[in-house]
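One file, data.txt, carrying compact mmCIF, C-alpha atoms:
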# COMPACT_ATOMS: atom_id res chain seq x y z
CA MET A 1 0.00 0.00 0.00
CA ASN A 2 1.50 3.38 -0.88
CA ILE A 3 1.22 6.42 1.33
CA ILE A 4 -1.75 7.95 -0.51
CA ASP A 5 -3.68 4.70 -0.16
CA THR A 6 -2.80 4.64 3.55
CA LEU A 7 -3.95 8.25 3.99
CA ASN A 8 -7.24 7.47 2.28
CA TRP A 9 -7.71 4.23 4.19
CA ARG A 10 -7.29 5.78 7.61
CA TYR A 11 -10.13 7.65 9.28
CA SER A 12 -11.30 8.37 12.78
CA THR A 13 -12.90 5.07 13.64
CA LYS A 14 -16.19 5.55 15.45
CA ASP A 15 -17.07 1.93 16.03
CA PHE A 16 -14.45 -0.57 17.18
CA ASP A 17 -15.04 -4.30 16.99
CA PRO A 18 -14.66 -5.40 20.63
CA THR A 19 -13.74 -8.95 19.60
CA LYS A 20 -10.62 -7.95 17.67
CA LYS A 21 -7.32 -7.56 19.51
CA ILE A 22 -4.09 -6.08 18.26
CA SER A 23 -1.36 -8.74 18.12
CA GLU A 24 1.62 -8.66 20.47
CA ASP A 25 3.93 -7.92 17.55
CA ASN A 26 1.83 -4.95 16.47
CA VAL A 27 1.64 -3.65 20.05
CA LYS A 28 5.43 -3.71 20.03
CA GLN A 29 5.47 -1.63 16.85
CA LEU A 30 2.93 0.85 18.25
CA LYS A 31 5.14 1.27 21.33
CA ALA A 32 8.13 1.88 19.07
CA LEU A 33 6.15 4.64 17.34
CA LEU A 34 5.51 6.34 20.68
CA ARG A 35 9.07 5.98 21.88
CA MET A 36 10.96 6.81 18.68
CA SER A 37 8.93 9.86 17.67
CA PRO A 38 10.98 12.98 17.02
CA SER A 39 10.64 16.02 19.29
CA SER A 40 12.26 19.42 19.33
CA THR A 41 15.85 19.11 20.58
CA ASN A 42 14.97 15.48 21.44
CA ILE A 43 13.33 16.73 24.64
CA GLN A 44 10.82 13.84 24.70
CA PRO A 45 8.44 15.59 27.11
CA TRP A 46 5.97 12.75 27.33
CA HIS A 47 4.57 9.76 29.13
CA PHE A 48 2.03 7.20 27.92
CA LEU A 49 -0.56 5.20 29.80
CA ILE A 50 -1.43 2.08 27.82
CA ALA A 51 -4.47 -0.07 28.51
CA GLY A 52 -4.95 -3.42 26.82
CA ASP A 53 -7.53 -5.06 29.05
CA LYS A 54 -10.98 -4.35 30.44
CA GLU A 55 -9.79 -2.99 33.79
CA GLY A 56 -7.35 -0.55 32.24
CA LYS A 57 -9.84 0.69 29.68
CA GLU A 58 -12.48 1.14 32.39
CA ARG A 59 -10.09 3.36 34.31
CA ILE A 60 -9.47 5.49 31.23
CA ALA A 61 -13.22 5.59 30.55
CA LYS A 62 -13.56 7.54 33.81
CA GLY A 63 -12.44 10.44 31.61
CA ALA A 64 -15.49 9.89 29.40
CA GLN A 65 -18.36 10.39 31.81
CA GLY A 66 -21.03 13.08 31.77
CA PHE A 67 -20.39 15.61 29.04
CA PHE A 68 -17.99 13.33 27.17
CA HIS A 69 -20.04 10.12 27.53
CA PHE A 70 -20.16 9.76 23.72
CA ASN A 71 -16.53 8.65 23.82
CA GLU A 72 -17.02 5.95 26.48
CA PRO A 73 -17.94 3.06 24.12
CA LYS A 74 -15.03 3.92 21.85
CA ILE A 75 -12.63 3.55 24.77
CA LEU A 76 -14.23 0.35 26.05
CA ASN A 77 -14.55 -1.37 22.65
CA ALA A 78 -11.10 -0.54 21.32
CA SER A 79 -8.36 -3.16 21.56
CA HIS A 80 -5.92 -0.80 23.27
CA VAL A 81 -6.11 2.77 24.49
CA VAL A 82 -3.23 5.21 24.92
CA VAL A 83 -3.38 8.31 27.11
CA PHE A 84 -0.87 10.81 25.79
CA CYS A 85 0.61 12.87 28.63
CA SER A 86 2.90 15.86 28.63
CA ARG A 87 5.54 16.66 31.21
CA THR A 88 4.68 19.73 33.25
CA SER A 89 8.29 20.82 33.60
CA ALA A 90 11.73 20.27 32.17
CA ASP A 91 14.12 21.48 34.82
CA GLU A 92 17.91 21.19 34.87
CA ASP A 93 17.74 17.72 36.46
CA TYR A 94 15.60 16.48 33.58
CA MET A 95 17.84 18.16 31.00
CA LEU A 96 20.89 16.46 32.55
CA HIS A 97 19.03 13.15 32.62
CA LEU A 98 18.37 13.41 28.87
CA LEU A 99 22.01 14.30 28.28
CA ASP A 100 23.17 11.35 30.34
CA LYS A 101 20.92 8.99 28.38
CA GLU A 102 22.21 10.39 25.09
CA GLU A 103 25.78 9.93 26.27
CA LYS A 104 25.11 6.31 27.27
CA ASP A 105 23.47 5.75 23.88
CA GLY A 106 26.68 6.91 22.19
CA ARG A 107 25.65 10.22 20.69
CA PHE A 108 28.67 12.25 21.80
CA PRO A 109 32.03 11.73 20.11
CA ASN A 110 33.52 14.35 22.44
CA ASP A 111 32.67 16.68 25.29
CA GLU A 112 32.16 19.68 22.98
CA VAL A 113 29.29 17.96 21.16
CA LYS A 114 27.83 17.01 24.52
CA GLN A 115 27.96 20.54 25.85
CA ASN A 116 26.57 21.97 22.61
CA THR A 117 23.65 19.57 22.80
CA HIS A 118 22.91 20.58 26.38
CA GLY A 119 23.27 24.27 25.59
CA GLY A 120 21.11 24.06 22.49
CA ARG A 121 18.31 22.26 24.29
CA ASN A 122 18.34 24.77 27.12
CA LEU A 123 18.43 27.62 24.63
CA PHE A 124 15.23 26.47 22.93
CA ALA A 125 13.56 25.73 26.24
CA ASP A 126 14.52 29.16 27.56
CA ILE A 127 13.02 30.88 24.50
CA HIS A 128 9.70 29.31 25.44
CA LYS A 129 10.09 29.72 29.19
CA TYR A 130 11.19 33.33 29.19
CA ASP A 131 10.77 35.03 25.81
CA VAL A 132 7.59 33.58 24.29
CA LYS A 133 6.32 32.44 27.71
CA ASP A 134 4.47 29.43 26.30
CA PHE A 135 6.59 26.63 27.75
CA GLN A 136 3.75 24.25 28.65
CA HIS A 137 2.17 24.66 25.22
CA TRP A 138 5.56 24.10 23.57
CA LEU A 139 5.94 20.83 25.47
CA GLU A 140 2.41 19.80 24.53
CA LYS A 141 3.05 20.64 20.86
CA GLN A 142 5.76 17.98 20.90
CA VAL A 143 3.17 15.53 22.23
CA TYR A 144 0.83 16.46 19.36
CA LEU A 145 3.67 15.82 16.92
CA ASN A 146 3.99 12.39 18.53
CA ILE A 147 0.23 11.84 18.04
CA GLY A 148 0.55 12.65 14.33
CA ASN A 149 3.43 10.21 14.02
CA PHE A 150 1.39 7.59 15.91
CA LEU A 151 -1.79 7.97 13.82
CA LEU A 152 0.01 7.56 10.51
CA GLY A 153 2.13 4.73 11.87
CA ALA A 154 -0.94 2.86 13.10
CA ALA A 155 -2.58 3.25 9.68
CA THR A 156 0.58 1.92 8.02
CA LEU A 157 0.16 -1.18 10.19
CA GLY A 158 -3.50 -1.50 9.14
CA ILE A 159 -4.66 -0.53 12.62
CA ASP A 160 -7.60 1.81 13.10
CA ALA A 161 -7.27 4.71 15.49
CA LEU A 162 -9.49 7.33 17.04
CA PRO A 163 -7.84 10.41 18.53
CA MET A 164 -9.99 12.02 21.23
CA GLU A 165 -9.66 15.46 22.74
CA GLY A 166 -13.19 15.05 24.04
CA VAL A 167 -12.24 13.61 27.38
CA ASP A 168 -12.09 15.02 30.90
CA LEU A 169 -8.36 15.54 31.21
CA LYS A 170 -8.61 16.70 34.81
CA ALA A 171 -10.43 13.48 35.74
CA LEU A 172 -7.71 11.43 34.02
CA ASP A 173 -4.99 13.38 35.82
CA GLY A 174 -6.73 12.55 39.08
CA GLU A 175 -7.44 8.89 38.35
CA PHE A 176 -3.81 8.19 37.54
CA GLY A 177 -2.15 10.67 39.90
CA LEU A 178 -0.45 12.24 36.88
CA ARG A 179 0.12 15.71 38.27
CA GLU A 180 1.96 14.39 41.32
CA LYS A 181 4.25 12.52 38.93
CA GLY A 182 4.97 15.63 36.86
CA TYR A 183 2.63 14.84 33.96
CA THR A 184 -0.72 16.01 32.65
CA SER A 185 -2.94 14.25 30.13
CA VAL A 186 -3.30 15.87 26.72
CA ALA A 187 -5.37 13.51 24.56
CA VAL A 188 -6.47 9.88 24.27
CA VAL A 189 -6.05 7.64 21.23
CA ALA A 190 -8.01 4.38 20.97
CA VAL A 191 -6.67 1.75 18.58
CA GLY A 192 -8.16 -1.45 17.23
CA TYR A 193 -10.21 -2.56 14.28
CA ARG A 194 -13.32 -1.04 12.69
CA THR A 195 -16.62 -2.88 12.49
CA ASP A 196 -18.20 -3.48 9.09
CA SER A 197 -21.04 -1.19 10.08
CA ASP A 198 -19.02 1.89 11.10
CA PHE A 199 -20.68 4.82 9.33
CA ASN A 200 -17.46 6.76 9.09
CA THR A 201 -15.53 4.30 6.92
CA THR A 202 -14.44 5.90 3.69
CA ASP A 203 -16.69 3.52 1.74
CA ARG A 204 -19.74 5.09 3.34
CA THR A 205 -18.62 8.60 4.21
CA PRO A 206 -15.94 10.06 1.94
CA LYS A 207 -13.10 12.02 3.49
CA SER A 208 -13.16 15.77 3.08
CA ARG A 209 -10.22 18.13 2.93
CA LEU A 210 -9.71 21.71 1.80
CA SER A 211 -8.47 22.03 -1.78
CA GLU A 212 -4.80 22.16 -2.73
CA ALA A 213 -5.36 25.65 -4.11
CA GLU A 214 -6.49 26.85 -0.68
CA ILE A 215 -3.80 25.30 1.50
CA PHE A 216 -0.68 25.45 -0.67
CA THR A 217 1.37 28.40 -1.83
CA LEU A 218 4.02 27.17 -4.25
CA LEU A 219 6.92 29.58 -4.13
CA MET B 1 10.76 -1.91 5.37
CA ASN B 2 8.67 -2.32 8.53
CA ILE B 3 7.78 0.57 10.80
CA ILE B 4 10.57 -0.06 13.31
CA ASP B 5 13.15 -0.03 10.52
CA THR B 6 11.63 3.21 9.23
CA LEU B 7 11.76 4.78 12.70
CA ASN B 8 15.38 3.80 13.09
CA TRP B 9 16.28 4.94 9.57
CA ARG B 10 14.83 8.42 9.96
CA TYR B 11 16.77 11.13 11.75
CA SER B 12 17.05 14.89 11.62
CA THR B 13 19.24 15.29 8.57
CA LYS B 14 21.91 17.92 9.12
CA ASP B 15 23.54 17.81 5.71
CA PHE B 16 21.44 17.62 2.54
CA ASP B 17 22.96 16.68 -0.80
CA PRO B 18 22.19 19.75 -2.96
CA THR B 19 22.39 17.70 -6.16
CA LYS B 20 19.54 15.35 -5.25
CA LYS B 21 15.97 16.37 -6.03
CA ILE B 22 12.75 14.73 -4.87
CA SER B 23 10.83 13.30 -7.84
CA GLU B 24 7.55 14.79 -9.00
CA ASP B 25 5.71 11.66 -7.90
CA ASN B 26 7.18 11.88 -4.40
CA VAL B 27 6.37 15.60 -4.19
CA LYS B 28 2.78 14.64 -4.95
CA GLN B 29 2.84 12.14 -2.08
CA LEU B 30 4.37 14.68 0.31
CA LYS B 31 1.59 17.12 -0.60
CA ALA B 32 -0.97 14.41 0.07
CA LEU B 33 0.54 13.94 3.54
CA LEU B 34 0.12 17.64 4.29
CA ARG B 35 -3.42 17.80 2.94
CA MET B 36 -4.82 14.54 4.28
CA SER B 37 -3.46 14.85 7.83
CA PRO B 38 -6.05 14.48 10.56
CA SER B 39 -6.90 17.43 12.81
CA SER B 40 -9.29 17.89 15.70
CA THR B 41 -12.87 18.07 14.34
CA ASN B 42 -11.29 18.23 10.84
CA ILE B 43 -10.64 21.95 11.42
CA GLN B 44 -7.54 21.92 9.15
CA PRO B 45 -6.18 25.20 10.55
CA TRP B 46 -3.16 25.33 8.26
CA HIS B 47 -1.42 26.63 5.19
CA PHE B 48 1.85 25.51 3.63
CA LEU B 49 4.47 27.43 1.69
CA ILE B 50 6.44 25.03 -0.50
CA ALA B 51 9.72 25.92 -2.16
CA GLY B 52 11.31 23.63 -4.74
CA ASP B 53 13.76 25.99 -6.43
CA LYS B 54 16.62 28.31 -5.52
CA GLU B 55 14.53 31.48 -5.43
CA GLY B 56 11.88 30.02 -3.15
CA LYS B 57 14.43 28.53 -0.78
CA GLU B 58 16.31 31.83 -0.65
CA ARG B 59 13.13 33.59 0.43
CA ILE B 60 12.59 31.04 3.21
CA ALA B 61 16.26 31.37 4.19
CA LYS B 62 15.49 34.98 5.14
CA GLY B 63 14.12 33.35 8.29
CA ALA B 64 17.57 31.88 8.98
CA GLN B 65 19.72 34.98 9.28
CA GLY B 66 21.61 36.27 12.31
CA PHE B 67 20.86 34.15 15.37
CA PHE B 68 19.49 31.25 13.34
CA HIS B 69 22.18 31.31 10.60
CA PHE B 70 23.11 27.69 11.40
CA ASN B 71 19.91 26.61 9.63
CA GLU B 72 20.55 28.58 6.43
CA PRO B 73 22.58 25.90 4.58
CA LYS B 74 20.02 23.25 5.50
CA ILE B 75 17.28 25.29 3.85
CA LEU B 76 19.36 26.12 0.77
CA ASN B 77 20.73 22.59 0.21
CA ALA B 78 17.49 20.70 0.73
CA SER B 79 15.48 19.60 -2.29
CA HIS B 80 12.26 21.18 -1.04
CA VAL B 81 11.32 23.24 2.00
CA VAL B 82 7.91 23.52 3.63
CA VAL B 83 6.87 26.37 5.92
CA PHE B 84 4.10 25.10 8.19
CA CYS B 85 1.66 27.91 9.00
CA SER B 86 -1.26 28.06 11.39
CA ARG B 87 -4.44 30.01 10.87
CA THR B 88 -4.76 32.90 13.33
CA SER B 89 -8.54 32.60 13.56
CA ALA B 90 -11.41 30.25 12.83
CA ASP B 91 -14.47 32.46 12.73
CA GLU B 92 -18.00 31.49 11.74
CA ASP B 93 -17.28 32.17 8.06
CA TYR B 94 -14.41 29.71 8.13
CA MET B 95 -16.47 27.14 10.03
CA LEU B 96 -19.24 27.42 7.42
CA HIS B 97 -16.66 27.16 4.65
CA LEU B 98 -15.40 23.87 6.12
CA LEU B 99 -18.97 22.63 6.44
CA ASP B 100 -19.72 23.56 2.84
CA LYS B 101 -16.63 21.70 1.62
CA GLU B 102 -17.60 18.64 3.66
CA GLU B 103 -21.10 18.75 2.21
CA LYS B 104 -19.75 18.97 -1.36
CA ASP B 105 -17.40 16.07 -0.57
CA GLY B 106 -20.44 13.99 0.40
CA ARG B 107 -19.99 13.63 4.14
CA PHE B 108 -23.57 14.40 5.14
CA PRO B 109 -26.33 11.86 4.51
CA ASN B 110 -28.84 14.31 6.01
CA ASP B 111 -29.12 17.75 7.54
CA GLU B 112 -28.96 16.44 11.11
CA VAL B 113 -25.47 15.03 10.58
CA LYS B 114 -24.46 18.30 8.97
CA GLN B 115 -25.71 20.38 11.88
CA ASN B 116 -24.14 18.03 14.42
CA THR B 117 -20.79 18.35 12.67
CA HIS B 118 -21.03 22.14 12.71
CA GLY B 119 -22.13 22.21 16.34
CA GLY B 120 -19.44 19.78 17.45
CA ARG B 121 -16.67 21.72 15.77
CA ASN B 122 -17.84 24.98 17.29
CA LEU B 123 -18.18 23.32 20.67
CA PHE B 124 -14.53 22.23 20.69
CA ALA B 125 -13.39 25.57 19.32
CA ASP B 126 -15.38 27.41 21.99
CA ILE B 127 -13.82 25.33 24.76
CA HIS B 128 -10.44 26.65 23.65
CA LYS B 129 -11.63 30.16 22.85
CA TYR B 130 -13.57 30.77 26.04
CA ASP B 131 -12.94 28.13 28.69
CA VAL B 132 -9.29 27.14 28.38
CA LYS B 133 -8.44 30.36 26.53
CA ASP B 134 -5.67 28.77 24.48
CA PHE B 135 -7.26 28.93 21.04
CA GLN B 136 -4.15 29.90 19.07
CA HIS B 137 -2.10 27.17 20.76
CA TRP B 138 -4.88 24.66 20.07
CA LEU B 139 -4.78 25.54 16.38
CA GLU B 140 -0.99 25.28 16.35
CA LYS B 141 -1.13 21.89 18.10
CA GLN B 142 -3.05 20.60 15.09
CA VAL B 143 -0.24 21.91 12.89
CA TYR B 144 2.29 20.02 15.03
CA LEU B 145 0.21 16.87 14.62
CA ASN B 146 0.46 17.48 10.86
CA ILE B 147 4.25 17.81 11.19
CA GLY B 148 4.45 14.45 12.99
CA ASN B 149 2.36 12.86 10.23
CA PHE B 150 4.61 14.49 7.62
CA LEU B 151 7.92 13.41 9.18
CA LEU B 152 6.93 9.75 9.42
CA GLY B 153 5.36 9.83 5.97
CA ALA B 154 8.51 11.30 4.43
CA ALA B 155 10.60 8.59 6.10
CA THR B 156 8.24 5.94 4.74
CA LEU B 157 9.00 7.32 1.27
CA GLY B 158 12.76 7.15 1.97
CA ILE B 159 12.97 10.94 2.07
CA ASP B 160 15.10 12.69 4.67
CA ALA B 161 13.62 15.55 6.65
CA LEU B 162 14.81 18.18 9.08
CA PRO B 163 12.19 19.93 11.22
CA MET B 164 13.34 23.37 12.34
CA GLU B 165 11.88 25.54 15.06
CA GLY B 166 15.10 27.54 14.97
CA VAL B 167 13.93 30.11 12.45
CA ASP B 168 12.79 33.71 12.72
CA LEU B 169 9.05 33.19 12.43
CA LYS B 170 8.33 36.92 12.51
CA ALA B 171 10.68 37.46 9.56
CA LEU B 172 8.94 34.67 7.63
CA ASP B 173 5.53 36.15 8.42
CA GLY B 174 6.78 39.47 7.02
CA GLU B 175 8.49 38.05 3.93
CA PHE B 176 5.37 36.21 2.83
CA GLY B 177 2.73 38.62 4.15
CA LEU B 178 1.30 35.77 6.19
CA ARG B 179 -0.37 37.75 8.94
CA GLU B 180 -2.37 39.84 6.46
CA LYS B 181 -3.63 36.56 4.99
CA GLY B 182 -4.69 35.20 8.37
CA TYR B 183 -1.74 32.87 8.91
CA THR B 184 1.40 32.77 11.02
CA SER B 185 4.42 30.52 10.52
CA VAL B 186 5.00 27.80 13.10
CA ALA B 187 7.96 25.71 11.90
CA VAL B 188 9.96 24.84 8.79
CA VAL B 189 10.68 21.34 7.50
CA ALA B 190 13.39 20.79 4.88
CA VAL B 191 13.22 17.57 2.85
CA GLY B 192 15.67 15.90 0.52
CA TYR B 193 18.45 13.37 0.72
CA ARG B 194 21.32 13.02 3.19
CA THR B 195 24.95 13.21 2.15
CA ASP B 196 27.24 10.27 2.86
CA SER B 197 29.20 12.45 5.26
CA ASP B 198 26.31 13.66 7.47
CA PHE B 199 27.50 13.14 11.04
CA ASN B 200 23.99 12.59 12.33
CA THR B 201 23.19 9.46 10.30
CA THR B 202 22.37 6.55 12.53
CA ASP B 203 25.46 4.70 11.28
CA ARG B 204 27.65 7.35 12.86
CA THR B 205 25.55 8.72 15.69
CA PRO B 206 23.07 6.29 17.24
CA LYS B 207 19.61 7.52 18.09
CA SER B 208 18.82 8.06 21.76
CA ARG B 209 15.47 7.76 23.45
CA LEU B 210 14.30 7.43 27.04
CA SER B 211 13.71 3.85 28.16
CA GLU B 212 10.38 2.07 27.87
CA ALA B 213 10.31 1.77 31.66
CA GLU B 214 10.43 5.55 31.99
CA ILE B 215 7.86 6.55 29.39
CA PHE B 216 5.27 3.77 29.60
CA THR B 217 2.79 2.90 32.32
CA LEU B 218 1.05 -0.33 31.38
CA LEU B 219 -2.34 -0.36 33.06
How does the structure come out when it is put into structure tokens?
Amino acid sequence: MNIIDTLNWRYSTKDFDPTKKISEDNVKQLKALLRMSPSSTNIQPWHFLIAGDKEGKERIAKGAQGFFHFNEPKILNASHVVVFCSRTSADEDYMLHLLDKEEKDGRFPNDEVKQNTHGGRNLFADIHKYDVKDFQHWLEKQVYLNIGNFLLGAATLGIDALPMEGVDLKALDGEFGLREKGYTSVAVVAVGYRTDSDFNTTDRTPKSRLSEAEIFTLL
Amino acid sequence: MNIIDTLNWRYSTKDFDPTKKISEDNVKQLKALLRMSPSSTNIQPWHFLIAGDKEGKERIAKGAQGFFHFNEPKILNASHVVVFCSRTSADEDYMLHLLDKEEKDGRFPNDEVKQNTHGGRNLFADIHKYDVKDFQHWLEKQVYLNIGNFLLGAATLGIDALPMEGVDLKALDGEFGLREKGYTSVAVVAVGYRTDSDFNTTDRTPKSRLSEAEIFTLL
């Protein structure tokens, strides 16, 4: 399948088949997508809660009560559900922890490269902390980049996905004690396999996008 | 190539071969990635400037002067360069325009579905406009999701990419009159092909990521 076919095949699945489970091998590949995603300066400001059984999904579904009840069956019927979380800080300890991991992974041929990496990451972080003053949003933008990577990657594997912002993030933070751990939930993505009757499949409901003429300026 | 191989193959290319151009067919696929990306409620709050020749790249390189000069050669040597822009508003006219396009594309079997789509999109937008009060960041998060989709898609096509936040976004907005058109630049992604001597290839400099134990909580 080429990339255009993949893009046309994927859609926000509204109706997961509760009897279909993602294989262990595919779960491994989905985890690789989450872990290997790029991020600005490799800051990796994320954490992921992953549910693959009834109990885990029921805990995540606590974020889909009341106003967001329409998302509850999607969470419960999916094979697996991922809660994408952002870090709420990236202090010097965390920056040094990243640097240490990069050193152990063999990224630094010499101390100059190491110090430049540390300085560059702090420089970008400081722009957002002190100049633009949007540090939390900058961290969360990296998480959204990860979501985009994850959604296309899942489609490449033939796995359906439904990204959901329509969840009670505060309830999820509470249920999993995320804030105490330095994280906050940003979005939920359910993954699994569509039913034959899902109204939103591209066979029934064509995709819609703005025209090339509207979104592209060719210089 | 499976997805794990693709994830390991991709890296932020630091040294593009200026003699290698992306084929017309691959440019078409890259444009499909940009256009078909998912976004919350299909709001598609984006615009893309695409340069494929010297003159276009030189205009984008005006965003890589002075402080950000280290990114100038990457822009000039890449095959193509994309400036990712966010909309700066999504007023009722724009919301109705999206709805009209979706209707023409055949997404609405009846008026109820159409009105629910319109209401749902406005509901999410209003949460960010009035409750969370982070509307611009919410729009830009969708653009970051598009970037994540684009980076993995490019890698799937065997195309190298370098995402750059280190550019003078205000200068780019001015050069291309973006603000007057209702857009603002968010990031730049250069695409092309790595040189054999690029220090950052995974052969020379291994990738580094935080451990699974640190980033995953399995429920």
* **Of the listed residues A:Ile60, A:Leu169, A:Ile215, A:Leu157, that which approaches Gly192 of chain A most closely, counting all atoms listed in the file** =>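 Smallest separation from Gly192 of chain A among the options: A:Leu157.
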Task: Neighbour residues at most 8 Å from (-15.1, 12.7, 10.9) (all atoms listed in the file) as a ChimeraX atom specification - done: /A:11-12,200,207 /B:41-42
message: Using all atoms listed in the file and a distance of at most 7 Å, pull out the residues of chain A that contact chain B, as a ChimeraX atom specification.
response: /A:3-4,7,29,32,35-36,46-51,56,101-102,105-107,137,141,144-149,152,205-206,208-210,215-219
Separating atom CA of Phe67 of chain B from atom CA of Ser185 of chain B, to the nearest tenth of an Å, is a gap of 17.5 Å
* Asked: What lies within 12 Å of Gly174 of chain B using all atoms listed in the file, ignoring chain neighbours under 4 positions off, as a ChimeraX atom specification?
  -> /B:59-60,62-63,168-170,178-181,183-185
Could you write out the selected residues, including C-alpha atoms, as a short mmCIF file (atom, residue, chain, number, x, y, z; two decimals), keeping the file's coordinate frame?
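Written output follows (again-v8.cif):
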data_model
loop_
_atom_site.label_atom_id
_atom_site.label_comp_id
_atom_site.auth_asym_id
_atom_site.auth_seq_id
_atom_site.Cartn_x
_atom_site.Cartn_y
_atom_site.Cartn_z
CA ARG B 59 13.13 33.59 0.43
CA ILE B 60 12.59 31.04 3.21
CA LYS B 62 15.49 34.98 5.14
CA GLY B 63 14.12 33.35 8.29
CA ASP B 168 12.79 33.71 12.72
CA LEU B 169 9.05 33.19 12.43
CA LYS B 170 8.33 36.92 12.51
CA LEU B 178 1.30 35.77 6.19
CA ARG B 179 -0.37 37.75 8.94
CA GLU B 180 -2.37 39.84 6.46
CA LYS B 181 -3.63 36.56 4.99
CA TYR B 183 -1.74 32.87 8.91
CA THR B 184 1.40 32.77 11.02
CA SER B 185 4.42 30.52 10.52
#
Original post:
Do you have the atom CA of Asp198 of chain A-atom CA of Phe16 of chain A distance handy?
Top reply: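 Atom CA of Asp198 of chain A sits 8.0 Å away from atom CA of Phe16 of chain A.
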One residue among A:Pro18, A:Val113, A:Ala61, A:Ala161 is nearest to Ala190 of chain A when using all atoms listed in the file, and that residue is A:Ala161
With distances taken over only C-alpha atoms, the candidate from B:Thr195, B:Ser79, B:Ser89, B:Thr201 nearest Asp15 of chain B is B:Thr195
Taken to one decimal, the atom CA of Ala213 of chain B-atom CA of Ala90 of chain A distance is 18.6 Å
With distances taken over all atoms listed in the file, the candidate from B:Leu139, B:Ile22, B:Val191, B:Ala171 nearest Thr88 of chain B is B:Leu139
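Take the candidates B:Ser86, B:Phe199, B:Lys133, B:His80 and check each one against Ser23 of chain B using all atoms listed in the file; the shortest distance goes to B:His80.
The smallest atom-to-atom distance between Leu123 of chain B and any of B:Met95, B:Val188, B:Gln65, B:Leu162, using only C-alpha atoms, is found for B:Met95.
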